[in-house]
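Participant: Handing over start_1.txt, compact mmCIF, C-alpha atoms.
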# COMPACT_ATOMS: atom_id res chain seq x y z
CA ALA A 1439 84.56 -16.64 -120.93
CA PRO A 1440 85.81 -13.13 -120.14
CA GLN A 1441 88.60 -12.97 -117.58
CA PRO A 1442 88.31 -10.74 -114.49
CA PRO A 1443 90.53 -7.64 -114.49
CA ALA A 1444 93.91 -8.18 -112.88
CA ARG A 1445 94.05 -4.73 -111.26
CA LEU A 1446 91.60 -2.37 -109.60
CA ASP A 1447 92.07 0.25 -112.30
CA GLY A 1448 90.78 -2.28 -114.81
CA ILE A 1449 87.35 -2.63 -113.18
CA THR A 1450 84.68 -0.78 -115.11
CA ASP A 1451 81.45 -2.41 -113.90
CA LEU A 1452 80.01 -3.09 -110.45
CA ASP A 1453 77.08 -5.36 -109.60
CA VAL A 1454 75.18 -3.47 -106.88
CA GLU A 1455 72.49 -6.12 -106.62
CA GLY A 1456 75.20 -8.71 -105.98
CA LEU A 1457 76.73 -6.58 -103.25
CA ARG A 1458 73.39 -6.43 -101.45
CA ARG A 1459 72.94 -10.16 -101.84
CA VAL A 1460 76.19 -10.85 -99.96
CA GLY A 1461 75.51 -8.22 -97.30
CA ARG A 1462 78.03 -5.64 -98.54
CA PRO A 1463 75.92 -2.80 -100.01
CA GLY A 1464 78.29 -0.16 -98.61
CA ASP A 1465 81.04 -1.39 -100.92
CA ALA A 1466 79.42 0.77 -103.62
CA ALA A 1467 80.70 3.85 -101.80
CA THR A 1468 84.15 2.31 -101.38
CA ALA A 1469 84.21 1.50 -105.10
CA GLY A 1470 83.62 5.14 -105.96
CA ARG A 1471 86.81 6.00 -104.15
CA HIS A 1472 89.09 3.13 -105.13
CA LEU A 1473 88.05 2.18 -108.67
CA PRO A 1474 89.24 5.00 -110.96
CA SER A 1475 87.92 3.37 -114.15
CA LEU A 1476 84.48 2.53 -112.81
CA ALA A 1477 81.97 3.44 -115.51
CA ARG A 1478 78.75 1.59 -114.71
CA LEU A 1479 76.74 0.26 -111.81
CA HIS A 1480 74.12 -2.34 -112.59
CA GLY A 1481 71.44 -4.42 -110.93
CA TRP A 1482 67.74 -5.27 -111.09
CA GLY A 1483 67.88 -4.89 -114.88
CA PHE A 1484 69.20 -1.31 -114.82
CA ALA A 1485 72.54 0.37 -115.49
CA VAL A 1486 73.85 3.63 -114.00
CA ASP A 1487 76.28 5.93 -115.81
CA VAL A 1488 78.82 6.77 -113.09
CA ALA A 1489 80.28 9.78 -114.94
CA ALA A 1490 76.78 11.24 -115.38
CA VAL A 1491 76.11 10.94 -111.66
CA ARG A 1492 79.38 12.72 -110.87
CA ALA A 1493 78.44 15.57 -113.20
CA GLN A 1494 75.00 16.18 -111.68
CA ASP A 1495 74.21 18.68 -108.95
CA LEU A 1496 72.16 16.40 -106.72
CA SER A 1497 71.88 18.82 -103.83
CA VAL A 1498 68.32 19.72 -104.89
CA ASP A 1499 67.35 16.19 -105.98
CA GLY A 1500 66.20 14.83 -102.62
CA PRO A 1501 63.49 16.01 -100.24
CA MET A 1502 63.92 19.62 -99.19
CA LEU A 1503 63.67 20.87 -95.62
CA GLY A 1504 60.06 21.08 -94.49
CA GLN A 1505 58.76 18.48 -96.97
CA ASN A 1506 57.03 15.30 -95.83
CA LEU A 1507 59.97 12.96 -95.36
CA ARG A 1508 57.70 9.93 -95.14
CA LEU A 1509 57.12 10.19 -98.88
CA ARG A 1510 59.71 8.56 -101.12
CA PRO A 1511 61.74 11.23 -102.97
CA SER A 1512 61.63 10.99 -106.76
CA PHE A 1513 65.31 11.87 -107.43
CA PRO A 1514 64.67 13.13 -110.99
CA ARG A 1515 68.28 14.09 -111.75
CA LEU A 1516 69.66 10.83 -110.38
CA ARG A 1517 67.10 8.81 -112.32
CA GLY A 1518 68.25 10.62 -115.46
CA CYS A 1519 71.56 8.78 -115.12
CA VAL A 1520 69.87 5.36 -115.17
CA ALA A 1521 69.13 3.22 -118.23
CA GLY A 1522 66.50 0.48 -118.19
CA GLU A 1523 62.81 -0.24 -118.49
CA GLY A 1524 60.50 0.89 -115.70
CA GLU A 1525 61.43 2.50 -112.39
CA ALA A 1526 64.83 1.76 -110.91
CA PRO A 1527 64.70 0.63 -107.25
CA LEU A 1528 65.69 3.01 -104.49
CA GLU A 1529 68.52 0.67 -103.50
CA LEU A 1530 70.23 1.24 -106.84
CA LEU A 1531 69.73 5.01 -106.72
CA LEU A 1532 71.22 5.30 -103.23
CA ALA A 1533 74.15 3.09 -104.22
CA ALA A 1534 74.79 5.34 -107.22
CA ALA A 1535 74.74 8.43 -105.03
CA ALA A 1536 77.04 6.86 -102.44
CA CYS A 1537 79.42 5.80 -105.18
CA ALA A 1538 79.62 8.90 -107.33
CA ALA A 1539 77.67 11.94 -106.07
CA SER A 1540 79.83 15.06 -105.88
CA THR A 1541 77.29 17.12 -103.89
CA ASP A 1542 75.14 16.64 -100.80
CA LEU A 1543 71.97 14.58 -101.17
CA CYS A 1544 69.12 14.48 -98.63
CA GLY A 1545 71.36 16.53 -96.37
CA VAL A 1546 74.11 13.89 -96.39
CA PRO A 1547 77.65 15.17 -97.21
CA VAL A 1548 78.29 12.32 -99.61
CA GLU A 1549 81.63 13.32 -101.10
CA ALA A 1550 83.09 14.29 -97.72
CA LEU A 1551 82.18 10.94 -96.15
CA ARG A 1552 83.47 9.00 -99.15
CA GLY A 1553 86.88 10.67 -99.31
CA ASP A 1554 90.01 11.28 -97.26
CA ALA A 1555 88.58 14.53 -95.87
CA SER A 1556 85.78 12.78 -93.98
CA PRO A 1557 84.89 14.43 -90.67
CA THR A 1558 85.55 12.45 -87.51
CA GLU A 1559 82.39 13.74 -85.83
CA LEU A 1560 79.06 14.20 -87.60
CA ASP A 1561 76.05 15.79 -85.90
CA PHE A 1562 72.54 15.79 -87.35
CA CYS A 1563 70.94 16.33 -83.94
CA ASN A 1564 67.72 18.34 -83.92
CA LYS A 1565 66.96 17.89 -80.23
CA ARG A 1566 69.84 18.66 -77.88
CA THR A 1567 71.61 21.58 -79.50
CA ASP A 1568 74.03 21.84 -76.60
CA ARG A 1569 75.60 18.65 -77.89
CA CYS A 1570 76.54 20.02 -81.30
CA LEU A 1571 79.73 18.49 -82.62
CA LYS A 1572 82.36 19.68 -85.05
CA TYR A 1573 80.50 19.15 -88.32
CA ARG A 1574 76.82 19.96 -88.85
CA PRO A 1575 75.80 19.43 -92.50
CA MET A 1576 72.14 20.45 -92.13
CA PRO A 1577 70.56 23.64 -90.80
CA GLN A 1578 68.80 23.30 -87.46
CA GLY A 1579 65.30 22.00 -88.12
CA GLY A 1580 66.25 19.85 -91.13
CA HIS A 1581 65.73 16.10 -90.96
CA LEU A 1582 67.43 13.20 -92.72
CA GLY A 1583 64.37 10.98 -92.89
CA ALA A 1584 64.57 7.25 -93.53
CA VAL A 1585 65.97 7.69 -97.05
CA GLY A 1586 68.75 10.02 -95.90
CA ALA A 1587 69.64 7.57 -93.14
CA ARG A 1588 69.85 4.72 -95.62
CA LEU A 1589 72.19 6.74 -97.84
CA LEU A 1590 74.27 7.69 -94.82
CA ALA A 1591 74.48 4.02 -93.79
CA LEU A 1592 76.05 3.09 -97.14
CA LEU A 1593 78.77 5.67 -96.57
CA VAL A 1594 79.34 4.78 -92.92
CA SER A 1595 79.87 1.12 -93.82
CA GLY A 1596 83.25 1.67 -95.39
CA ASN A 1597 84.23 4.92 -93.68
CA CYS A 1598 87.54 4.61 -91.83
CA VAL A 1599 87.54 8.05 -90.16
CA LEU A 1600 84.12 8.82 -88.62
CA THR A 1601 84.01 8.05 -84.89
CA THR A 1602 80.92 9.96 -83.70
CA LEU A 1603 77.46 9.99 -85.30
CA ASN A 1604 74.48 11.79 -83.75
CA LEU A 1605 71.16 11.09 -85.49
CA CYS A 1606 68.94 12.31 -82.66
CA ASN A 1607 65.45 13.42 -83.77
CA ASN A 1608 65.79 12.93 -87.53
CA ARG A 1609 62.72 10.83 -88.35
CA ILE A 1610 64.88 7.99 -89.60
CA ASP A 1611 62.20 5.45 -88.63
CA THR A 1612 62.64 1.68 -88.56
CA LYS A 1613 64.11 1.30 -92.05
CA GLY A 1614 66.74 3.95 -91.43
CA ALA A 1615 67.69 2.37 -88.11
CA GLY A 1616 67.92 -1.04 -89.76
CA ALA A 1617 70.31 0.35 -92.37
CA ILE A 1618 72.47 1.93 -89.67
CA GLY A 1619 72.56 -1.41 -87.86
CA LYS A 1620 73.74 -3.19 -91.01
CA ALA A 1621 76.43 -0.54 -91.48
CA LEU A 1622 77.72 -1.21 -87.98
CA ARG A 1623 78.29 -4.85 -88.86
CA VAL A 1624 81.14 -3.92 -91.19
CA ASN A 1625 82.29 -0.60 -89.70
CA ARG A 1626 85.01 -1.01 -87.07
CA ILE A 1627 85.68 2.69 -86.42
CA LEU A 1628 82.50 4.31 -85.09
CA THR A 1629 82.57 4.59 -81.29
CA SER A 1630 79.66 6.95 -80.50
CA LEU A 1631 76.09 6.65 -81.83
CA ASP A 1632 72.81 8.37 -80.90
CA VAL A 1633 69.58 7.25 -82.59
CA GLY A 1634 67.18 8.66 -80.00
CA TYR A 1635 63.92 10.54 -80.69
CA ASN A 1636 63.40 8.93 -84.08
CA GLY A 1637 60.12 7.12 -83.63
CA LEU A 1638 61.85 3.75 -83.47
CA THR A 1639 60.12 0.63 -82.32
CA GLU A 1640 61.67 -1.37 -79.51
CA GLU A 1641 62.66 -4.05 -82.00
CA ALA A 1642 64.45 -1.51 -84.22
CA ALA A 1643 66.42 -0.19 -81.26
CA LEU A 1644 67.28 -3.69 -80.09
CA GLY A 1645 68.46 -4.53 -83.60
CA ILE A 1646 71.26 -2.00 -83.15
CA VAL A 1647 72.01 -3.34 -79.67
CA ARG A 1648 72.29 -6.90 -81.00
CA VAL A 1649 74.75 -5.85 -83.67
CA GLU A 1650 76.78 -3.92 -81.12
CA ARG A 1651 76.94 -6.88 -78.72
CA GLN A 1652 78.91 -8.69 -81.41
CA ARG A 1653 80.83 -5.63 -82.59
CA ASN A 1654 81.73 -4.26 -79.12
CA LYS A 1655 83.13 -0.89 -80.26
CA LEU A 1656 80.71 1.80 -79.02
CA THR A 1657 81.74 3.78 -75.97
CA SER A 1658 78.54 5.87 -76.11
CA LEU A 1659 75.03 4.84 -77.17
CA GLY A 1660 71.87 6.99 -77.19
CA LEU A 1661 68.48 5.22 -77.29
CA GLY A 1662 66.20 7.95 -75.97
CA HIS A 1663 62.46 7.61 -76.74
CA CYS A 1664 62.84 4.25 -78.50
CA SER A 1665 59.74 2.58 -77.03
CA ILE A 1666 61.88 0.28 -74.89
CA GLY A 1667 59.94 -1.59 -72.21
CA PRO A 1668 61.01 -3.96 -69.40
CA THR A 1669 61.78 -6.86 -71.76
CA GLY A 1670 63.90 -4.67 -74.02
CA ALA A 1671 65.66 -3.23 -70.98
CA ALA A 1672 66.58 -6.77 -69.90
CA GLU A 1673 68.23 -7.37 -73.26
CA ILE A 1674 70.08 -4.08 -73.05
CA ALA A 1675 71.21 -5.07 -69.56
CA GLU A 1676 72.81 -8.20 -71.00
CA TYR A 1677 74.66 -5.99 -73.47
CA VAL A 1678 75.85 -3.64 -70.69
CA SER A 1679 76.94 -6.56 -68.55
CA GLY A 1680 79.10 -7.98 -71.32
CA SER A 1681 80.52 -4.75 -72.72
CA GLU A 1682 84.08 -3.84 -71.89
CA VAL A 1683 83.98 -0.48 -73.67
CA LEU A 1684 80.56 1.19 -73.20
CA LYS A 1685 81.00 4.26 -71.00
CA SER A 1686 77.77 6.18 -71.63
CA LEU A 1687 74.20 4.90 -72.06
CA ASP A 1688 71.16 7.16 -72.61
CA LEU A 1689 67.74 5.54 -72.16
CA TYR A 1690 65.81 8.77 -71.62
CA GLY A 1691 62.06 8.67 -72.13
CA ASN A 1692 61.46 4.95 -72.50
CA ASN A 1693 59.20 2.77 -70.38
CA ILE A 1694 61.52 0.31 -68.67
CA ARG A 1695 59.66 0.54 -65.31
CA ALA A 1696 60.85 -1.14 -62.11
CA GLU A 1697 61.43 -4.49 -63.81
CA GLY A 1698 63.69 -2.99 -66.44
CA ALA A 1699 65.51 -0.90 -63.83
CA ALA A 1700 66.18 -4.06 -61.82
CA ALA A 1701 67.72 -5.70 -64.89
CA ILE A 1702 69.92 -2.67 -65.56
CA ALA A 1703 70.89 -2.66 -61.89
CA GLU A 1704 72.00 -6.27 -62.06
CA ALA A 1705 74.16 -5.43 -65.09
CA LEU A 1706 75.84 -2.62 -63.14
CA ARG A 1707 77.03 -5.03 -60.48
CA GLY A 1708 79.65 -6.58 -62.71
CA ASN A 1709 80.33 -3.58 -64.91
CA ALA A 1710 83.56 -1.65 -64.35
CA VAL A 1711 83.33 0.64 -67.37
CA LEU A 1712 80.02 2.57 -67.48
CA THR A 1713 80.51 6.11 -66.16
CA SER A 1714 77.31 7.84 -67.37
CA LEU A 1715 73.74 6.49 -67.21
CA ASN A 1716 70.54 8.35 -68.08
CA LEU A 1717 67.31 6.67 -66.97
CA GLN A 1718 65.23 9.85 -66.90
CA SER A 1719 61.47 9.46 -67.49
CA ASN A 1720 61.19 5.68 -67.26
CA PHE A 1721 58.54 5.15 -64.54
CA ILE A 1722 60.90 3.13 -62.33
CA ARG A 1723 59.35 4.38 -59.03
CA ASP A 1724 60.67 3.45 -55.57
CA LYS A 1725 60.93 -0.26 -56.34
CA GLY A 1726 63.22 0.34 -59.30
CA ALA A 1727 65.22 2.94 -57.39
CA ALA A 1728 65.76 0.46 -54.56
CA ALA A 1729 67.06 -2.18 -56.99
CA ILE A 1730 69.48 0.30 -58.49
CA ALA A 1731 70.58 1.48 -55.05
CA GLU A 1732 71.45 -2.07 -54.02
CA ALA A 1733 73.52 -2.59 -57.15
CA LEU A 1734 75.35 0.73 -56.76
CA GLN A 1735 76.69 0.03 -53.29
CA GLY A 1736 80.42 0.28 -53.56
CA ASN A 1737 80.32 1.28 -57.22
CA GLU A 1738 83.59 3.06 -58.04
CA VAL A 1739 82.93 3.82 -61.71
CA LEU A 1740 79.66 5.70 -62.27
CA THR A 1741 80.18 9.47 -62.17
CA SER A 1742 76.97 10.79 -63.83
CA PHE A 1743 73.48 9.41 -63.18
CA SER A 1744 70.03 10.82 -64.03
CA LEU A 1745 66.84 9.50 -62.41
CA SER A 1746 64.75 12.60 -63.04
CA ARG A 1747 60.99 12.27 -63.64
CA ASN A 1748 60.66 8.67 -62.43
CA HIS A 1749 57.94 9.00 -59.77
CA ILE A 1750 60.49 8.25 -57.05
CA GLY A 1751 59.45 9.06 -53.49
CA ASP A 1752 61.40 9.55 -50.28
CA THR A 1753 62.04 5.82 -49.83
CA GLY A 1754 63.73 5.44 -53.19
CA ALA A 1755 65.68 8.68 -52.86
CA ILE A 1756 67.06 7.71 -49.45
CA ALA A 1757 68.10 4.29 -50.77
CA ILE A 1758 69.98 5.90 -53.68
CA ALA A 1759 71.68 8.44 -51.41
CA GLU A 1760 72.82 5.74 -48.96
CA ALA A 1761 74.17 3.57 -51.76
CA LEU A 1762 76.24 6.37 -53.28
CA ARG A 1763 78.02 7.39 -50.11
CA GLY A 1764 81.75 7.12 -50.57
CA GLY A 1765 81.41 6.55 -54.31
CA VAL A 1766 82.84 8.57 -57.18
CA LEU A 1767 79.54 10.04 -58.42
CA THR A 1768 79.88 13.75 -59.22
CA GLU A 1769 76.52 14.38 -60.92
CA LEU A 1770 73.15 13.03 -59.72
CA ASN A 1771 69.84 14.29 -61.10
CA VAL A 1772 66.70 13.33 -59.15
CA SER A 1773 64.66 16.40 -60.04
CA TRP A 1774 60.92 16.25 -60.82
CA ASN A 1775 60.26 13.29 -58.56
CA SER A 1776 58.04 13.09 -55.45
CA ILE A 1777 60.77 13.70 -52.90
CA GLY A 1778 60.13 15.62 -49.69
Is it possible to give me this structure as C-alpha cells?
Facilitator:
Amino acid sequence: APQPPARLDGITDLDVEGLRRVGRPGDAATAGRHLPSLARLHGWGFAVDVAAVRAQDLSVDGPMLGQNLRLRPSFPRLRGCVAGEGEAPLELLLAAAACAASTDLCGVPVEALRGDASPTELDFCNKRTDRCLKYRPMPQGGHLGAVGARLLALLVSGNCVLTTLNLCNNRIDTKGAGAIGKALRVNRILTSLDVGYNGLTEEAALGIVRVERQRNKLTSLGLGHCSIGPTGAAEIAEYVSGSEVLKSLDLYGNNIRAEGAAAIAEALRGNAVLTSLNLQSNFIRDKGAAAIAEALQGNEVLTSFSLSRNHIGDTGAIAIAEALRGGVLTELNVSWNSIG
C-alpha cells in the first residue's frame, strides 16, 4: 500500500469529498496556502487541475452584477479545469476556487482572504452605507447571493485575520447562512457578524445563534429582518443571558412582539456586557416596553437602545424613562411611536 507523504510539501492530492464528510470543507482553502506541491483536488468521481485553476481569470466566471442570483452560475472557466464524466457538483467547484483561484469570484476576494494579506474587516453591506468598513470588494448594489456566501464561508473557515464581516442585504438566503454558520464552528477569530436583510428564515438565523452559543466569540451580531418571532427571540435571549462577550445586538425589523421583548428583558437582568441593543420595528407595544423597563432598572451597562416604530404609547414610554434614570444610557431612540 502507498505510504502517506512525510512532509506537507510532499502532498499532491486532496480529497475534497472527504473533507466535507468530516465537517472540514474549509480546509481546501487552507491547503491552497500551505501545500506547495498540491496538484489535484478530487471527489464525487471528478478531479480538478489546481495549476489550471490558478492560471484562469475567474473574475468573469460567476454571476455578474444585476443577474438573477437565485440561478446557479455555470462557472464555464472553472469547469474547464475539471476532469470526469457528467457535471461536477458545486461543492467541488467552490472548493477548487477557494483553494487555487487567483482572482475574485462572485465578488469574493478569494486570494486576499486565503493569504497573509487578508483584510481584518470585510464589508459587503448594501443597506446601511454609513457603516462601510475598511475593505469593500463589490460596488454598491452588487450582491453575493447564496453561492458567493458559500464560497466566502470556505475562506472564512480557516482565515486567521478577519475579525469583522458584514453581509447585510446580499441575498445569501438560507443555504448561504448555513454555510456561514458552519464556518463559524471552526473559525476562532471573527468577532463581528451581520447577516441582516438577507431573506433568512427564523431557523436559518437561529442556526447561527446556536453555533455562536458554543463558540462565544462575537462581540457584535446583526440579525435584522430575519423573520424572528417570539419563540426565536426567547432562544436569542438565552444566548444573550449566557454570553460574556456580546456587546451589540441588532434585531431590527423582526416580529418578536411583547412576548419576545419580555424574554430579551429577562436576559438583560443578568447581563453585564451588552452596551447596544436595537429592537426597532418589532411590535412590542406598551406591554413589551414595560417588561424591558422593569429589567433595565439599575442597568449600568446599556448605552445605546432603539425602540423606534414599536407602537409604544405614553404608558410604555414613561416606564422606559423612569427605568433609565440614573443609568449610563447616552442614546435612546423612541421615534415613530404613539407618544404624546
Participant: Between A:Arg1517, A:Lys1613, A:His1581, A:Arg1648, which is the closest to A:Cys1544 once you count only C-alpha atoms?
Facilitator: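 Closest candidate: A:His1581.
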Participant: Each residue of stretch 1615-1728 of chain A with at least one atom at most 10 Å from stretch 1582-1597 of chain A should appear once, together with its nearest atom pair and the corresponding distance in Å (one decimal); atoms considered: all atoms listed in the file; ordering: chain, then increasing residue number; output as CSV.
Facilitator:
residue,atom,partner,partner_atom,distance
A:Ala1615,CA,A:Ala1587,CA,7.5
A:Gly1616,CA,A:Arg1588,CA,8.4
A:Ala1617,CA,A:Arg1588,CA,5.5
A:Ile1618,CA,A:Ala1591,CA,5.0
A:Gly1619,CA,A:Ala1591,CA,8.3
A:Lys1620,CA,A:Ala1591,CA,7.8
A:Ala1621,CA,A:Ser1595,CA,4.5
A:Leu1622,CA,A:Ser1595,CA,6.6
A:Arg1623,CA,A:Ser1595,CA,7.9
A:Val1624,CA,A:Ser1595,CA,5.8
A:Asn1625,CA,A:Ser1595,CA,5.1
A:Arg1626,CA,A:Ser1595,CA,8.7
A:Ile1627,CA,A:Asn1597,CA,7.7
A:Leu1628,CA,A:Val1594,CA,8.5
A:Asn1636,CA,A:Gly1583,CA,9.1
Participant: Select, from A:Glu1682, A:Asp1611, A:Asp1453, A:Asp1542, the residue with the minimum atom-to-atom distance to A:Phe1484, counting only C-alpha atoms.
Facilitator: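 The shortest atom-to-atom distance to A:Phe1484 comes from A:Asp1453.
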Participant: Which of these residues is nearest to A:Arg1763, using all atoms listed in the file: A:Gln1735, A:Thr1541, A:Asn1716, A:Thr1450?
Facilitator: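 Counting all atoms listed in the file, the residue closest to A:Arg1763 is A:Gln1735.
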Participant: One decimal, Å: what's the distance from atom CA of A:Arg1723 over to atom CA of A:Val1683, could you say?
Facilitator: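 Value for the atom CA of A:Arg1723-atom CA of A:Val1683 distance: 29.1 Å.
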Participant: In terms of the shortest atom-to-atom distance over all atoms listed in the file, which of A:Leu1656, A:Val1711, A:Leu1531, A:Ala1539 is closest to A:Ala1493?
Facilitator: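 Nearest candidate to A:Ala1493 out of A:Leu1656, A:Val1711, A:Leu1531, A:Ala1539: A:Ala1539.
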Participant: Please provide the set of residues having any atom within 10 Å of A:Gly1553, restricted to all atoms listed in the file, with same-chain residues fewer than 2 positions apart removed, written as a list in words.
Facilitator: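 Answer for this query is Ala1467, Thr1468, Gly1470, Arg1471, His1472, Val1548, Glu1549, Ala1550, Leu1551, Ala1555, Ser1556, Pro1557, Leu1593, Asn1597, Cys1598 and Val1599 of chain A.
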Participant: Taking only C-alpha atoms into account, name the residue in A:Glu1559, A:Glu1676, A:Glu1760, A:Asp1447 that is nearest to A:Ala1728.
Facilitator: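 Comparing A:Glu1559, A:Glu1676, A:Glu1760, A:Asp1447 against A:Ala1728, the winner is A:Glu1760.
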Participant: Using Å and a single decimal, report how far atom CA of A:Val1739 sits from atom CA of A:Tyr1635.
Facilitator: 27.7 Å
Participant: Give as a count of residues only every residue, naming chains and numbers as the document does, that has an atom within 7 Å of (87.3, 0.0, -110.3), counting only C-alpha atoms.
Facilitator: 11
Participant: Calculate how many Å separate atom CA of A:Gly1751 from atom CA of A:Leu1734, rounding to one decimal.
Facilitator: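 Between atom CA of A:Gly1751 and atom CA of A:Leu1734 the gap is 18.2 Å.
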Participant: When you look at A:Gln1494 with a cut-off of 12 Å (counting only C-alpha atoms), what residues show up, excluding the ones that are within fewer than 4 positions of it in the same chain? I need them as a PyMOL selection string.
Facilitator: chain A and resi 1487-1490+1498-1499+1513-1519+1534-1535+1538-1543
Participant: Applying 9 Å and all atoms listed in the file, which residues near A:Thr1669 remain after dropping the ones on its own chain fewer than 4 positions away? List them as number ranges by chain.
Facilitator: A: 1673-1674, 1694, 1697-1698
Participant: Please list as a short mmCIF file (atom, residue, chain, number, x, y, z; two decimals) with C-alpha atoms, keeping the file's coordinate frame every residue within 10 Å of A:Arg1651, counting all atoms listed in the file and excluding residues in the same chain fewer than 2 positions away.
Facilitator:
data_model
loop_
_atom_site.label_atom_id
_atom_site.label_comp_id
_atom_site.auth_asym_id
_atom_site.auth_seq_id
_atom_site.Cartn_x
_atom_site.Cartn_y
_atom_site.Cartn_z
CA ILE A 1646 71.26 -2.00 -83.15
CA VAL A 1647 72.01 -3.34 -79.67
CA ARG A 1648 72.29 -6.90 -81.00
CA VAL A 1649 74.75 -5.85 -83.67
CA ARG A 1653 80.83 -5.63 -82.59
CA ASN A 1654 81.73 -4.26 -79.12
CA LYS A 1655 83.13 -0.89 -80.26
CA LEU A 1656 80.71 1.80 -79.02
CA ILE A 1674 70.08 -4.08 -73.05
CA GLU A 1676 72.81 -8.20 -71.00
CA TYR A 1677 74.66 -5.99 -73.47
CA VAL A 1678 75.85 -3.64 -70.69
CA GLY A 1680 79.10 -7.98 -71.32
CA SER A 1681 80.52 -4.75 -72.72
#
Participant: For A:Leu1659, please output as a PyMOL selection string all residues within 10 Å (counting only C-alpha atoms; exclusion window: fewer than 2 positions along the same chain).
Facilitator: chain A and resi 1603-1604+1629-1634+1646-1647+1650+1656-1657+1661-1662+1684-1689
Participant: Kindly compute an axis-aligned box around the listed atoms of stretch 1465-1484 of chain A, allowing 6 Å on each side, and express its centre and edge lengths in Å to one decimal as AutoDock Vina command-line options.
Facilitator:
--center_x 78.5 --center_y 0.4 --center_z -108.2 --size_x 33.5 --size_y 23.3 --size_z 26.6
Participant: Can you work out which one of A:Gly1614, A:Gly1754, A:Gly1461, A:Pro1527 has the shortest atom-to-atom distance to A:Asn1775, counting all atoms listed in the file?
Facilitator: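 Smallest distance to A:Asn1775 is found for A:Gly1754.
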